[in-house]
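Input: a single structure, listed below in structure tokens.
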Amino acid sequence: MEKGTNCFPTCHTVFLAWTWLLLLCWCCTGAEITCRSCSSPSPSWPSSSSRLRQEQRQPPPLPGGLRSWPGGRTRGSAGAAAAAEPLPGGEPGGRAGPRGAALRSAGAGGGAPGGRGPAAARSRRSSEGRRALPAGAGRGLPAAEGQRGGGRAQPRGPPEEGRASRLRGAEELRLSSTTFALTGDAAHNQAMVHWSGHNSSVILILTKLYDFNLGSVTESSLWRSTDYGTTYEKLNDKVGLKTVLSYLYVSPTNKRKIMLLSDPEIESSILISSDEGATYQKYRLNFYIQSLLFHPKQEEWILAYSLDQKLYSSTDFGRKWQLMHEQVTPNRFYWSVTGLDKEPDLVHMEAQTADGHTHYLTCRIQECSETKRSGPFSRSIDISSLVVQDEYIFIQVTAGGRANYYVSYRREPFAQIKLPKYSLPKDMHIISTDENQVFAAVQEWNQNDTYNLYISDTRGVYFTLALENVKSSRGLEGNIIIDLYEVAGIKGIFLANRKIDDQIKTFITYNKGRDWRLLQAPDTDLRGDPVVCQMPFCSLHLHLQLSANPYTSGSISSKETAPGLLVATGNIGSELSYTDVGVFISSDGGNSWRQIFEEEYNVWFLDWGGALVAMKHTSVPMRHMWVSFDEGRSWSKYSFTSTPLFVDGSLVDPGIETQIMTVFGHFSLRSEWQLVKVDYKSLFSRRCNKDDYQTWHLHNQGEPCVMGERKIYKKRKPGAQCSLGRDYSQSVVSEPCVCGQGDFECDYGYERHSNNQCVPAFWFSPSSLSKDCSIGQNYLNSTGYRRIVSNNCTDGLRERYMAKMEKCPGKAPRGLHILTTDGKLVTEQGHNATFIILMEEGDLQRTNIQLDFGDGIAVSYANFSPVEDGIRHVYKSAGIFQVTAYAENSLGSDTAVLFLHVVCPVEHVHLSVPFVAIRNKDVNITAVVWPSQAGTLTYFWWFGNSTKPLITLESSISYTFAVEGMNTVTVQVAAGSTLIQDTKEIAVHEYFQSQLLSFSPNLDYHNPDIPEWRQDIGKVIKRALAQVTGIPDEQILVAVFPGLPTSAELFILPHKNTTGRRKSSEADLEQVVEILFNALNQNLVQFELKPGVEVIVYVTQLTLAPLVDSSTGHSSSAMLMLLSVVFVGLAVFLIYKFKRKIPWINIYAQVQHDKEQEMIGSVSQSENAPKITLSEFTDPEELMDKELDTRVMGSISTIANSESTKEIPNCTSV
């Protein structure tokens, strides 16, 4: 879930890139301003990337995430974060060139997400239709406004432009202004500004040179003004000439308290001021701050999030810090909410705990040890899903591949959010939590670029559909932006852009989403000509991008201080356009509209909306702005500077006390940054009196009742050029209306049909809501309608549509379900398995619950109350268990069954295969797993280059190789979520001979008995044999056996090119054997193990194997040899029987993998329950003895490469 950015008055964080100027700021954290006059291409700036979920500056979100918008008020970026102020990295977004710059407001206790690195990208206005900088305008002083570039037409302005130009020839209208240049910092490409405001004239500006190649700040300057920006003093000597500053923060509750952060590439320290930046104290830190979160009430309390995901707290404004928790999710920590949380120093956080899962935790800042923390939600949650906003807390838990959302209202126990049954959300955003109701945008399973709007009941549990297919887009960081706008100053009015038949159309609602309609286009255009636009084929469409940049007005704007007044960019036609746009205004809350400009303009509200000031989007320098005193009906042109200025942005101070507007830019591409302070107090000739006001009745297309009441506002008369002043208070008269159908929306599970009636959806049973009450109690039975939250209507249809109090019906249990909290059917032995029992119908308070875990343990409960948070159980043995839930009351019963696999994590697998095999003869292959009692295992066998494995539940498999040569065998063993594998090679031939080898006793002293050593010794022996005899390497294979004394087997293979000449190749093989035997019998084969250690290789007597053949005929010599081997086998049996070992004798025996069937785990304690059995592994000691002492005659030569001769331990209970 995404937590929105908090706004704090009078402060802004500002980023400039070469041509952008520092600026006085107040609300809205975070901003970007594009230098429109920069023509040369910009360098490639680093880009930023972004689960219920909040967009993060990290890997992207997972599907099915839940997010929250800033403040829950108006349309914004879903990438806004959890009220934690970031450290910018300075990425200039948009179209900034070499002098382009991003401006950001100074941190004020909560801002946009992010960390060190590129600055967070912002939602930006559409730039289509803007004029590019003419050729030749890149250097030197600019020409007069509108005359840049030869033969270029002057941009079209308002209809009064001609009149204003004529007045200018006689007496030009001019605003009082002063200009300040930031001298000496022209190379700095980032800046941050803080204006204390509230009767303070102090302005702080931090400018920085951010090196994008190094990724750090290399220079900085700190400026301070005490006269609203007329003059500045440079404070580098007060903070330290060698100190490089990277960020500026301001306490939201005390603007006099300032905090500066040094760049961590040089040092980690903070500088603190308590006198509005006049003096500073420096404190060193032992961690690197990524973001800060100031307490909304206590000015000394701060949370700091470090680069290594640790959360620290301070109770003295950063002088001392205490570690609270490690592995905290970025931007997922929140201060307590006054009136809801008992302790003001409580912190809500999302963090990873010792079990490796993410949990929702709370603790106090000075008492956050493991024993002091609490978990309001007992189970683990999805990462980046915690949102704490107003009265609500949201989390997300994914189970069985589906995202489930939970909400806590006013800190009550969590309840699962109920969306319509088949909405199946992929993604979810919390739009608003105002007025005790949740507005959410949900992307459903069949949507890609649109979202559905849902609105909740007061507790935020039951959601009903408000509008389908609302347009969405992605911001520069990949964050989701929903085209929805809430009109400020009047509750219940929203604007949304909806996709219909591949066309985007703008709709408006006056009752919080119950009814929507298209916008009526203006009757006339700017020239007074009639506009032909017939609904529904033609209407007015608006861009609903709220400006995340405090230096532009955005595509749409409205103010609490000017109710009913809306200004927006848009077009008239069949659908929303991004090219042919103009600016439109409504004075009556969106009922009617007028066009005021034919191109894009920034429009700001002055003095409670009594005046409007407009500046055009243009890349040419300008010196004029347009002012209207009659809500845009007429405009006057004023100059604000004597020299045309490339304008990069402007800021209107929200305070009534100062009445200052700041315009910033530069005179040329190489000039200093210019700050023009405009005092618009002179625009108002006098203070308003009672004759300057009129009343305005809020209505919806003539209907006077809006949200259940009639409202009458007092507002200034259009054209009254008077000032309201600081003591102005808004006057609203309201009275309730009689309830009508428009005051009620469909309740959960009901849908509105064409006859305007709410009827149950096909999947909904109206009686299902009564399961929360018991016989003898009462419950509210829905009529299918519910009054819109915040609607104040009375009487009328209220009694008819309100839910009726009825007696709770008695019901037998039905729809019983049992599942695990994580949705998995596998758990580890010795770990908690948590079961959730759900029931669709029945009396929760009078239904007994029994849960049989299948291992001989069962629990019983008198009702559902104790099992709401799950039932935990620890299995002490591995196996498959039948878990049975049984619910019963006086009216009936129901049963649910779940089969749970309990596994012990496997740590190692050893693939036991022969070194050499006969083609087209069966080969037994075994996988030995450690620990041996791991529970239910699945084996995946790959042979050669096959892409499809053979899958078994047995640890052994028989396989026939049809191709001669080296064949690869791979086994993978799956136990729960663990997967391990081993790979071996087998040499496959038509025939071969083998011989056991012995070594001089000194080799045993140096034998560590590990596979790697045996493989290396085998290679050494092979090289020695080839060197002495001259036999090719490919005809020799040596396998060293595990254990002591050291022994090996020599395989003599036929030449690879003689397969077709069977008899002659057999003779050739006999010659090779004779050569090898001669060399071995003469002690010619030896190797140096280490300096001074010579090892001699011998032939082990009486063990020569016959020529192994795949044919059915046998020669007499072969029969004699077979009899000798039988005799040797009898001797070996006697030796083994009396536990005697003869070092030079190795015995042949046929290896059989016959195994008993054994039940791995109990499924049920009842005798008639089904039992699941798997093959038992050979006893570890017996297996190792076989590996040491057995050889395969005939088709298989030998079992190879056992890992160890020690006993394999079993998995023990935890």
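Quick note on naming: the chains in the structure tokens go A, B, ... in the order shown, residues restart at 1 in each chain, and ligands are numbered from 1 in order of appearance.
Around Ala278 in chain A, within 12 Å and counting only C-alpha atoms, the residues found are Val202, Ile203, Leu204, Leu222, Trp223, Arg224, Ser225, Thr226, Glu233, Lys234, Leu235, Asn236, Asp237, Lys238, Val239, Arg256, Lys257, Ile258, Met259, Leu271, Ile272, Ser273, Ser274, Asp275 and Gln281 of chain A, once anything fewer than 3 positions away on its own chain is removed.
The residue set within 7 Å of Trp930 in chain A, counting only C-alpha atoms and dropping same-chain residues fewer than 4 places from it, reads Val906, Glu907, His908, Val909 and Ile1208 of chain A.
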Review point. Could you pull the residues within 6 Å of range 308-314 of chain A, counting only C-alpha atoms, minus those fewer than 5 positions along the same chain, as JSON, numbers by chain?
Key: {"A": [301, 302, 303, 320, 321, 322, 323, 324, 325, 326, 327, 328]}
How would the residues just picked look written out with C-alpha atoms as a PDB file, in the first residue's frame?
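Dumped everything to part.pdb:
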```pdb
ATOM      1  CA  TRP A 301      10.589  14.007  18.030  1.00  0.00           C
ATOM      2  CA  ILE A 302      12.024  12.632  14.789  1.00  0.00           C
ATOM      3  CA  LEU A 303      12.294   9.230  13.110  1.00  0.00           C
ATOM      4  CA  LYS A 320      20.976  11.970  20.112  1.00  0.00           C
ATOM      5  CA  TRP A 321      19.660   8.896  18.308  1.00  0.00           C
ATOM      6  CA  GLN A 322      18.481   5.490  19.467  1.00  0.00           C
ATOM      7  CA  LEU A 323      18.098   2.387  17.293  1.00  0.00           C
ATOM      8  CA  MET A 324      14.504   1.140  17.216  1.00  0.00           C
ATOM      9  CA  HIS A 325      14.478  -1.737  14.719  1.00  0.00           C
ATOM     10  CA  GLU A 326      16.463  -3.255  11.891  1.00  0.00           C
ATOM     11  CA  GLN A 327      15.232  -4.454   8.481  1.00  0.00           C
ATOM     12  CA  VAL A 328      12.410  -1.928   8.352  1.00  0.00           C
TER      13      VAL A 328
END
```
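Proximity ranking of A:Gln721, A:Thr552, A:Asn479, A:Ser865 relative to Phe664 in chain A places A:Thr552 first, based on only C-alpha atoms.
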Exercise for review: Do a neighbour search on Leu419 in chain A at 8 Å with only C-alpha atoms, toss out local chain neighbours closer than 5 positions, and write the hits as a PyMOL selection string.
Suggested key: chain A and resi 462-464
For the selection just defined, write its residues with N, CA, C and O atoms to a file, as a PDB file, in the first residue's frame.
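Saved file again-v8.pdb follows:
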```
ATOM      1  N   TYR A 462     -16.782  -3.084   3.663  1.00  0.00           N
ATOM      2  CA  TYR A 462     -17.632  -3.462   2.530  1.00  0.00           C
ATOM      3  C   TYR A 462     -17.581  -2.375   1.457  1.00  0.00           C
ATOM      4  O   TYR A 462     -17.933  -1.217   1.711  1.00  0.00           O
ATOM      5  N   PHE A 463     -17.140  -2.759   0.251  1.00  0.00           N
ATOM      6  CA  PHE A 463     -16.961  -1.820  -0.846  1.00  0.00           C
ATOM      7  C   PHE A 463     -17.979  -2.072  -1.957  1.00  0.00           C
ATOM      8  O   PHE A 463     -18.281  -3.226  -2.288  1.00  0.00           O
ATOM      9  N   THR A 464     -18.486  -0.988  -2.517  1.00  0.00           N
ATOM     10  CA  THR A 464     -19.399  -1.079  -3.660  1.00  0.00           C
ATOM     11  C   THR A 464     -18.820  -0.275  -4.819  1.00  0.00           C
ATOM     12  O   THR A 464     -18.053   0.676  -4.620  1.00  0.00           O
TER      13      THR A 464
END
```
Point to revise | Contacts of Gly719 in chain A at 9 Å (only C-alpha atoms; same-chain gap of 6+ positions) as a ChimeraX atom specification | key: /A:610-611,628-631
Residues of the last selection are to be written out with C-alpha atoms, as a tab-separated table (two decimals), in the first residue's frame.
```
chain	number	residue	atom	x	y	z
A	610	GLY	CA	-10.69	37.28	-5.41
A	611	ALA	CA	-8.18	37.59	-8.22
A	628	SER	CA	-8.55	38.95	-13.62
A	629	PHE	CA	-10.86	40.26	-10.89
A	630	ASP	CA	-14.10	38.81	-12.28
A	631	GLU	CA	-13.42	35.05	-12.29
```
Point to revise | Residue nearest Arg798 in chain A among A:Asn832, A:Asp743, A:Ile1096, A:Ala399 (counting only C-alpha atoms) | key: A:Asp743
Practice item. Tell me, as a count of residues only, which residues lie within 6 Å of range 472-474 of chain A, counting only C-alpha atoms; anything in the same chain fewer than 5 positions away does not count. Key: 7
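Every protein or nucleic acid residue with an atom no more than 10 Å from Asn254 in chain A, counting only C-alpha atoms and leaving out same-chain residues fewer than 3 positions away, appears here: Ala108, Ser196, Val250, Ser251, Lys257, Ile258, Ser274, Glu276, Lys297, Gln298, Glu299 and Glu300 of chain A.
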Using the selection just defined, write its residues with N, CA, C and O atoms as an mmCIF file, in the first residue's frame.
```
data_model
loop_
_atom_site.group_PDB
_atom_site.id
_atom_site.type_symbol
_atom_site.label_atom_id
_atom_site.label_comp_id
_atom_site.auth_asym_id
_atom_site.auth_seq_id
_atom_site.Cartn_x
_atom_site.Cartn_y
_atom_site.Cartn_z
ATOM 1 N N ALA A 108 9.724 19.279 5.380
ATOM 2 C CA ALA A 108 8.970 19.826 6.496
ATOM 3 C C ALA A 108 8.253 18.731 7.229
ATOM 4 O O ALA A 108 7.087 18.784 7.496
ATOM 5 N N SER A 196 9.835 30.581 6.018
ATOM 6 C CA SER A 196 9.166 30.339 7.289
ATOM 7 C C SER A 196 7.702 30.758 7.234
ATOM 8 O O SER A 196 6.813 30.043 7.704
ATOM 9 N N VAL A 250 12.890 21.157 7.871
ATOM 10 C CA VAL A 250 12.274 22.130 8.760
ATOM 11 C C VAL A 250 11.247 21.418 9.612
ATOM 12 O O VAL A 250 10.483 20.591 9.115
ATOM 13 N N SER A 251 11.213 21.711 10.895
ATOM 14 C CA SER A 251 10.210 21.123 11.775
ATOM 15 C C SER A 251 8.830 21.624 11.360
ATOM 16 O O SER A 251 8.623 22.833 11.217
ATOM 17 N N LYS A 257 12.952 25.904 13.724
ATOM 18 C CA LYS A 257 13.923 24.826 13.892
ATOM 19 C C LYS A 257 14.292 24.248 12.533
ATOM 20 O O LYS A 257 13.430 23.749 11.805
ATOM 21 N N ILE A 258 15.568 24.321 12.228
ATOM 22 C CA ILE A 258 16.099 23.911 10.929
ATOM 23 C C ILE A 258 17.110 22.793 11.143
ATOM 24 O O ILE A 258 17.863 22.794 12.119
ATOM 25 N N SER A 274 18.032 26.596 15.937
ATOM 26 C CA SER A 274 16.773 26.873 16.628
ATOM 27 C C SER A 274 16.346 28.321 16.463
ATOM 28 O O SER A 274 15.391 28.765 17.096
ATOM 29 N N GLU A 276 15.850 29.985 13.235
ATOM 30 C CA GLU A 276 15.562 30.198 11.816
ATOM 31 C C GLU A 276 16.818 30.290 10.962
ATOM 32 O O GLU A 276 16.879 31.024 9.990
ATOM 33 N N LYS A 297 3.016 16.597 16.157
ATOM 34 C CA LYS A 297 2.700 17.458 17.301
ATOM 35 C C LYS A 297 3.940 17.860 18.096
ATOM 36 O O LYS A 297 4.070 18.996 18.520
ATOM 37 N N GLN A 298 4.836 16.907 18.328
ATOM 38 C CA GLN A 298 6.011 17.153 19.163
ATOM 39 C C GLN A 298 7.183 17.592 18.285
ATOM 40 O O GLN A 298 7.696 16.823 17.480
ATOM 41 N N GLU A 299 7.604 18.836 18.442
ATOM 42 C CA GLU A 299 8.623 19.378 17.546
ATOM 43 C C GLU A 299 9.997 18.759 17.728
ATOM 44 O O GLU A 299 10.829 18.827 16.820
ATOM 45 N N GLU A 300 10.261 18.110 18.872
ATOM 46 C CA GLU A 300 11.578 17.538 19.125
ATOM 47 C C GLU A 300 11.695 16.086 18.658
ATOM 48 O O GLU A 300 12.787 15.538 18.613
#
```
Exercise for review: Please return as a list in words: the residues of range 519-566 of chain A that backbone DSSP assigns to strand (DSSP E).
Suggested key: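 So, restricting range 519-566 of chain A to strand (DSSP E), we get Ser539, Leu540, His541, Leu542, Ile556, Ser557, Ser558, Lys559, Ala562, Pro563, Gly564, Leu565 and Leu566 of chain A.
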Preceding selection exported with C-alpha atoms as a PDB file, in the first residue's frame:
```
ATOM      1  CA  SER A 539     -18.777  17.335 -24.250  1.00  0.00           C
ATOM      2  CA  LEU A 540     -16.020  19.074 -22.293  1.00  0.00           C
ATOM      3  CA  HIS A 541     -13.038  16.939 -21.306  1.00  0.00           C
ATOM      4  CA  LEU A 542     -10.395  17.958 -18.759  1.00  0.00           C
ATOM      5  CA  ILE A 556      -6.545  21.483 -12.767  1.00  0.00           C
ATOM      6  CA  SER A 557      -6.807  23.425  -9.536  1.00  0.00           C
ATOM      7  CA  SER A 558      -9.355  24.416  -6.914  1.00  0.00           C
ATOM      8  CA  LYS A 559      -9.001  25.850  -3.419  1.00  0.00           C
ATOM      9  CA  ALA A 562     -12.546  29.613  -3.091  1.00  0.00           C
ATOM     10  CA  PRO A 563     -15.383  27.054  -3.146  1.00  0.00           C
ATOM     11  CA  GLY A 564     -17.032  26.526  -6.504  1.00  0.00           C
ATOM     12  CA  LEU A 565     -14.130  27.971  -8.518  1.00  0.00           C
ATOM     13  CA  LEU A 566     -12.313  25.472 -10.776  1.00  0.00           C
TER      14      LEU A 566
END
```
Review point. If you run DSSP on the backbone, which residues of range 766-972 of chain A are alpha helix (DSSP H), as an MDAnalysis selection string?
Key: chainID A and resid 798:801
